[in-house]
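**Q** Questions regarding the structure given below will be posed in turn.
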Amino acid sequence: MLSDSTARDRTIARARLKFLESPEPPASVVPEAIRNSWQRSKYLGICPDEVVVPYQPDFDRESRLMRAATPVLDRLERALAGSDACVIVTDRKGWVRDRRVGEKRLSAHLDRVHLAPGFNYAEQFVGTNGIGVALEERRPNVVLGTEHFNERLQGVSCAAAPIRNSVTGRVEGAMNLTCWNGPARTLMAALVQEAAGDIERVMYEFTSSHQRALLEAFQQVTHYGDRPVLCLGQDLVLANSAASARLTGDDHRLLHEAATASGHAPRVRTEVRLTGGTTVLMRCRRVDSPAGAAGYLLELAFTDRPRDEARPGTHSRSRAERDASQPWPLPGLAGTDPAWNTVSRTVSRCARARTPLLLHGEPGTGKTALIRAAHTLTGAAWAPVVVDAAALRADGAGAGAVTGNGLPAVLRAAPAGPGRALVLRNLDAVPPGQASEVARALDAAAARGTWVVGCVSTSHHASPDVPDVPEPLRRSFAEAAAVPALRHRLADLPALADCLLRRVDADLTYTPEILPLLRRHDWPGNVRQLGQVLGRAAANRRTHRVGPGDLPPSLHSSGGRPLSAWEASERDTLVQALLAADGNKLLAAQRLGISRTTIYRKMRAYGITLPVRR
């Protein structure tokens with residue numbers, strides 16, 4: 001007579017084979033969590049009889065997770081010596097970071113199925129297994145023998161539990177207990193949860209010790225002055241008002257990278273280029289706690305000019321080389337991309353010299369904003385006069401406003417003289433028959449000292465060369481410059497987002513998680529579209545910072561084809577449900593009244609990805 005556990009294993013094994021051979025969902029005899037995982041594994045195309053997993057041998061063996069887990073693993077290793085059990089710790093993405101095995105036979109088996117340090121046992125690679133399901137569902141679970149999706153894992157049973165940061169609630173990794181199939185497996189869940197709790201408590205002690213050390217160091221330095229000071233820990237950022245007023249979240253990342261590279265050298269000043277183009281001198285001191293390195297204390301000095309230009313007689317680089325690498329800040333604008341720097345310099349130089357300029361680029365790239373900023377920088381008291389040839393042509397199409405002398409008359413009537421600027425937008429909308437007369441009006445304004453600028457909007461896929469402009473008009477402009485599209489200067493997104501949000505509210509900022517979502521968008525409307533998206537996100541934000549949940553659903557999707565109105569509506573509904581459920585796919589599926597398998601299929605079809613929960 002078969003034991004209850006053996007009979008159950010055979011029932012589950014038959015249900016698995018039937019599921020693999022038919023399109024029907026798994027039988028109800030299979031536990032719900034296992035059924036869901038089987039369906040995800042089948043949908044992802046996981047091989048049911050071969051273990052193929054990625055391998056990364058290089059990883060941080062001194063991470064906070066591993067320093068907290070090591071004493072717990074040491075204790076368990078001593079307790080499990082000689083037994084048929086194994087304890088494993090993975091990071092939050094399923095990469096195995098440490099393994100302790102009680103007997104050689106089990107160790108050899110785990111090596112054959114690649115359940116060893118450096119390999120990844122996330123569900124997306126191996127299918128249903130304790131580690132993968134615990135990380136996917138963010139809760140403890142047990143996978144017994146034949147419940148594994150891959151038959152090569154069915155000789156063992158495993159229990160796993162997420163390891164959470166007690167301060168932030170973020171999943172940091174998973175604790176796993178694996179043993180040969182047998183009676184002892186019923187106790188696995190309690191043992192693994194106890195071990196995960198022990199690691200969480202050690203991590204909390206580390207965190208508390210680190211935070212105390214950083215706070216004490218910060219208070220000591222800021223007590224005696226008002227210079228910019230920044231303290232950077234793994235989960236803590238402290239900044240006084242002098243630093244917070246000038247630094248963004250991406251600046252914190254750049255400074256942390258520079259501090260890590262410079263090491264413990266408190267008397268050495270390091271020059272760091274920030275996202276907005278500002279140069280800062282950083283003096284770094286590492287802060288230690290009883291639990292190890294807690295972070296860095298940074299004393300900052302902002303400089304308005306690059307160091308080699310600030311010292312007279314310094315000629316280490318040519319002027320052209322400096323121009324190619326240094327930003328050219330203009331009031332109210334942001335960006336340090338080389339192409340943006342080049343056009344900013346050109347426009348500024350033409351504004352100072354009153355050189356007629358033809359400026360071209362896609363709609364929304366900031367052509368008019370560039371002109372206004374460069375004109376302001378000259379100290380002019382009057383704002384530029386902007387004339388839109390396309391608007392005049394549309395408004396006067398039936399009244400002869402442009403077919404007569406409308407546009408030339410408007411240009412001749414514009415205020416002219418030194419300190420004035422005249423901008424003719426949509427130059428390509430000037431009727432060919434009017435080109436010569438319009439050119440004469442522009443030349444007359446330039447002769448009186450007016451800075452004349454013509455703007456032409458190019459299409460999304462147009463050549464970057466100077467657009468086709470009638471020859472009489474082309475001769476009115478001494479220089480031409482192209483404004484780069486936003487998709488060609490994505491490195492400027494952090495600075496642009498910061499600048500655009502500050503236009504809404506001087507104290508408004510954003511979480512770093514929105515940047516990957518912004519970077520993968522094509523932005524056919526360029527900076528204007530980015531400003532509109534961030535403006536709506538700011539108006540609808542849920543906290544004091546704009547986060548991923550405040551962005552429109554379209555930014556959470558990377559589908560490569562145009563969607564119908566119905567498909568776009570379905571995509572938006574899915575994204576909104578997933579965001580409302582904080583990324584929990586099971587909860588989102590329940591609220592929508594569909595299966596989680598459908599959620600996965602739709603997410604892949606629409607290219608929906610969500611930020612990692614922290």
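By convention here, the chains of the structure tokens are called A, B, ... in the order presented, each chain's residues are numbered starting at 1, and ligands are numbered starting at 1 in the order presented.
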Quick one: residues within 10 Å of range 9-20 of chain A, only C-alpha atoms counted, chain neighbours fewer than 3 positions away excluded, as a list in words?
**A**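 Residues near the query, excluding close chain neighbours: Ser3, Asp4, Ser5, Thr6, Pro23, Glu24, Pro25, Pro26, Ala27, Ser28, Val29, Val30, Pro31, Arg35, Trp38, Gln39, Lys42, Pro48, Leu144, Gly145, Thr146, Glu147, His148, Phe149, Glu151 and Gln154 of chain A.
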**Q** I'd like the neighbourhood of Arg519 in chain A as number ranges by chain, where a residue qualifies if any of its atoms comes within 9 Å (using only C-alpha atoms), though same-chain residues fewer than 2 positions away should be ignored.
**A** A: 487, 490-491, 493, 514-517, 521-522
**Q** Generate a file of the selected residues that holds N, CA, C and O atoms, formatted as a PDB file, in the first residue's frame.
**A**
ATOM      1  N   ARG A 487      15.351  62.302 -28.805  1.00  0.00           N
ATOM      2  CA  ARG A 487      15.790  60.901 -28.841  1.00  0.00           C
ATOM      3  C   ARG A 487      17.283  60.785 -29.119  1.00  0.00           C
ATOM      4  O   ARG A 487      17.879  59.716 -28.910  1.00  0.00           O
ATOM      5  N   LEU A 490      19.328  61.603 -25.137  1.00  0.00           N
ATOM      6  CA  LEU A 490      18.659  61.006 -23.972  1.00  0.00           C
ATOM      7  C   LEU A 490      19.487  61.136 -22.699  1.00  0.00           C
ATOM      8  O   LEU A 490      18.942  61.037 -21.596  1.00  0.00           O
ATOM      9  N   ALA A 491      20.810  61.360 -22.843  1.00  0.00           N
ATOM     10  CA  ALA A 491      21.622  61.548 -21.641  1.00  0.00           C
ATOM     11  C   ALA A 491      21.218  62.810 -20.888  1.00  0.00           C
ATOM     12  O   ALA A 491      21.508  62.947 -19.699  1.00  0.00           O
ATOM     13  N   LEU A 493      18.126  63.620 -20.260  1.00  0.00           N
ATOM     14  CA  LEU A 493      16.805  63.453 -19.653  1.00  0.00           C
ATOM     15  C   LEU A 493      16.765  63.809 -18.166  1.00  0.00           C
ATOM     16  O   LEU A 493      15.817  64.476 -17.723  1.00  0.00           O
ATOM     17  N   ILE A 514      11.671  56.671 -12.646  1.00  0.00           N
ATOM     18  CA  ILE A 514      10.985  57.120 -13.861  1.00  0.00           C
ATOM     19  C   ILE A 514      11.929  57.247 -15.040  1.00  0.00           C
ATOM     20  O   ILE A 514      11.483  57.241 -16.190  1.00  0.00           O
ATOM     21  N   LEU A 515      13.247  57.353 -14.780  1.00  0.00           N
ATOM     22  CA  LEU A 515      14.183  57.600 -15.880  1.00  0.00           C
ATOM     23  C   LEU A 515      14.236  56.470 -16.900  1.00  0.00           C
ATOM     24  O   LEU A 515      14.227  56.734 -18.106  1.00  0.00           O
ATOM     25  N   PRO A 516      14.290  55.173 -16.483  1.00  0.00           N
ATOM     26  CA  PRO A 516      14.279  54.117 -17.518  1.00  0.00           C
ATOM     27  C   PRO A 516      13.021  54.158 -18.377  1.00  0.00           C
ATOM     28  O   PRO A 516      13.077  53.861 -19.574  1.00  0.00           O
ATOM     29  N   LEU A 517      11.878  54.531 -17.787  1.00  0.00           N
ATOM     30  CA  LEU A 517      10.642  54.619 -18.557  1.00  0.00           C
ATOM     31  C   LEU A 517      10.713  55.766 -19.557  1.00  0.00           C
ATOM     32  O   LEU A 517      10.245  55.638 -20.698  1.00  0.00           O
ATOM     33  N   HIS A 521      11.299  55.724 -24.449  1.00  0.00           N
ATOM     34  CA  HIS A 521      10.268  56.319 -25.314  1.00  0.00           C
ATOM     35  C   HIS A 521      10.936  57.060 -26.465  1.00  0.00           C
ATOM     36  O   HIS A 521      12.018  57.635 -26.320  1.00  0.00           O
ATOM     37  N   ASP A 522      10.293  57.096 -27.627  1.00  0.00           N
ATOM     38  CA  ASP A 522      10.870  57.721 -28.821  1.00  0.00           C
ATOM     39  C   ASP A 522      10.724  59.242 -28.814  1.00  0.00           C
ATOM     40  O   ASP A 522      11.454  59.945 -29.485  1.00  0.00           O
TER      41      ASP A 522
END
**Q** So which bits of range 285-528 of chain A end up helix (DSSP H, G or I) when you DSSP the backbone, as a count of residues only?
**A** 103
**Q** Between CA of Arg571 in chain A and CA of Pro494 in chain A, what is the distance in Å, rounded to a tenth?
**A**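 Computing it gives 26.7 Å between the two atoms.
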**Q** Counting only C-alpha atoms, what are the residues of range 399-438 of chain A within 10 Å of range 355-360 of chain A, and for each of them which pair of atoms is the nearest and at what distance in Å, to one decimal? Sort the table by chain and rising number, as JSON lines.
**A**
{"residue": "A:Ala421", "atom": "CA", "partner": "A:Pro356", "partner_atom": "CA", "distance": 9.9}
{"residue": "A:Leu422", "atom": "CA", "partner": "A:Pro356", "partner_atom": "CA", "distance": 9.7}
{"residue": "A:Val423", "atom": "CA", "partner": "A:Leu357", "partner_atom": "CA", "distance": 9.6}
{"residue": "A:Leu424", "atom": "CA", "partner": "A:Leu358", "partner_atom": "CA", "distance": 9.6}
{"residue": "A:Arg425", "atom": "CA", "partner": "A:Leu359", "partner_atom": "CA", "distance": 9.5}
{"residue": "A:Asn426", "atom": "CA", "partner": "A:His360", "partner_atom": "CA", "distance": 9.5}
{"residue": "A:Leu427", "atom": "CA", "partner": "A:Leu358", "partner_atom": "CA", "distance": 9.1}
**Q** Restricting the output to C-alpha atoms, write the selected residues as a PDB file, in the first residue's frame.
**A**
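Saved as selection12.pdb:
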ATOM      1  CA  ALA A 421      15.254  90.279 -32.287  1.00  0.00           C
ATOM      2  CA  LEU A 422      12.881  89.199 -35.059  1.00  0.00           C
ATOM      3  CA  VAL A 423      12.001  85.509 -35.369  1.00  0.00           C
ATOM      4  CA  LEU A 424      10.176  84.145 -38.407  1.00  0.00           C
ATOM      5  CA  ARG A 425       8.798  80.698 -37.596  1.00  0.00           C
ATOM      6  CA  ASN A 426       7.820  78.103 -40.232  1.00  0.00           C
ATOM      7  CA  LEU A 427       9.984  79.740 -42.864  1.00  0.00           C
TER       8      LEU A 427
END
**Q** Which of these, A:Val202, A:Ala217, A:Val546, A:Val142, has the shortest distance to Ser289 in chain A once you count only C-alpha atoms?
**A**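 Smallest distance to Ser289 in chain A is found for A:Ala217.
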**Q** Got a sec: who's within 12 Å of Pro290 in chain A, counting only C-alpha atoms, leaving out chain neighbours fewer than 4 positions off, as a ChimeraX atom specification?
**A** /A:205-214,294
**Q** Do a neighbour search on range 328-341 of chain A at 8 Å with only C-alpha atoms, toss out local chain neighbours closer than 2 positions, and write the hits as an MDAnalysis selection string.
**A** chainID A and resid 275:277 324:326 343:345 369:370 373:374 376:377 483:484 489 491:492 495:496 499
**Q** What would the file look like if the residues just selected were written as a compact mmCIF listing (two decimals), in the first residue's frame with C-alpha atoms?
**A**
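Wrote part.txt, looks like this:
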# COMPACT_ATOMS: atom_id res chain seq x y z
CA THR A 275 24.06 66.20 -14.72
CA GLY A 276 23.23 69.87 -15.34
CA GLY A 277 26.78 70.64 -16.47
CA ALA A 324 33.54 70.39 -27.54
CA SER A 325 33.44 68.98 -24.01
CA GLN A 326 32.13 71.75 -21.76
CA VAL A 343 23.94 74.59 -31.19
CA SER A 344 23.74 76.53 -27.90
CA ARG A 345 27.15 78.09 -28.57
CA ALA A 369 13.29 78.66 -26.41
CA LEU A 370 16.94 78.65 -27.52
CA ALA A 373 17.48 82.36 -23.92
CA ALA A 374 20.39 83.48 -26.12
CA THR A 376 18.23 87.30 -22.95
CA LEU A 377 21.88 86.47 -22.33
CA VAL A 483 18.68 71.56 -32.92
CA PRO A 484 18.96 67.85 -31.99
CA ARG A 489 20.17 63.45 -26.48
CA ALA A 491 21.62 61.55 -21.64
CA ASP A 492 20.07 64.97 -20.93
CA ALA A 495 18.55 67.45 -16.26
CA LEU A 496 15.58 68.14 -18.54
CA CYS A 499 14.28 71.65 -15.20
**Q** Can you list, as a list in words, every protein, DNA or RNA residue that comes within 9 Å of Leu255 in chain A when you count only C-alpha atoms, leaving out same-chain residues fewer than 4 positions away?
**A**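 Selected residues are Leu232, Asp250, Asp251, Ala259, Thr260, Val272, Arg273, Leu274, Met282 and Leu298 of chain A.
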**Q** The selected residues should be written to file as a compact mmCIF listing (two decimals), in the first residue's frame (atoms: C-alpha atoms).
**A**
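Result file is out.txt:
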# COMPACT_ATOMS: atom_id res chain seq x y z
CA LEU A 232 25.45 58.99 1.14
CA ASP A 250 21.18 61.61 -10.50
CA ASP A 251 23.79 63.97 -9.02
CA ALA A 259 33.37 58.74 -3.88
CA THR A 260 33.65 54.99 -4.38
CA VAL A 272 32.98 65.89 -10.59
CA ARG A 273 30.75 66.92 -13.49
CA LEU A 274 27.06 66.90 -12.49
CA MET A 282 34.33 67.09 -3.76
CA LEU A 298 31.07 64.65 1.02
**Q** For Arg99 in chain A, find every residue with an atom within 10 Å (counting only C-alpha atoms), except residues of its own chain fewer than 2 positions away, and show them as a ChimeraX atom specification.
**A** /A:73,77,86-90,96-97,101,107,110,115-117,176-177
**Q** Env of Glu172 in chain A: 9 Å cut, atoms = only C-alpha atoms, seq-sep filter 6 positions within chain, self excluded. Answer as a PyMOL selection string.
**A** chain A and resi 65+90-93+162-165+614
**Q** Looking at only C-alpha atoms, which of A:Thr342, A:Ser166, A:Ser569, A:Thr509 is the one that sits closest to Ala245 in chain A?
**A**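 Nearest candidate to Ala245 in chain A out of A:Thr342, A:Ser166, A:Ser569, A:Thr509: A:Thr509.
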**Q** Looking at A:Phe125, A:Phe477, A:Phe59, A:Tyr510, which one is nearest to Thr543 in chain A, with distances taken over only C-alpha atoms?
**A**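 Nearest candidate to Thr543 in chain A out of A:Phe125, A:Phe477, A:Phe59, A:Tyr510: A:Tyr510.
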**Q** Rank nothing, just name the residue among A:Cys231, A:Leu300, A:Ile131, A:Val438 nearest to Val287 in chain A, using only C-alpha atoms.
**A** A:Cys231
**Q** Please report, as a PyMOL selection string, each residue of range 288-532 of chain A to which DSSP assigns strand (DSSP E) when run on this structure's backbone.
**A** chain A and resi 288-289+292-303+357-361+385-388+421-425+451-457+479-482+509-510
**Q** May I ask for the distance between CA of Thr573 in chain A and CA of Leu551 in chain A, given in Å to one decimal place?
**A**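 It comes out at 13.6 Å.
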**Q** So, counting only C-alpha atoms, which residue among A:Ala243, A:Leu574, A:Val469, A:Ala581 is closest to Arg601 in chain A?
**A**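 Checking each candidate against Arg601 in chain A, we get A:Leu574 as the closest.
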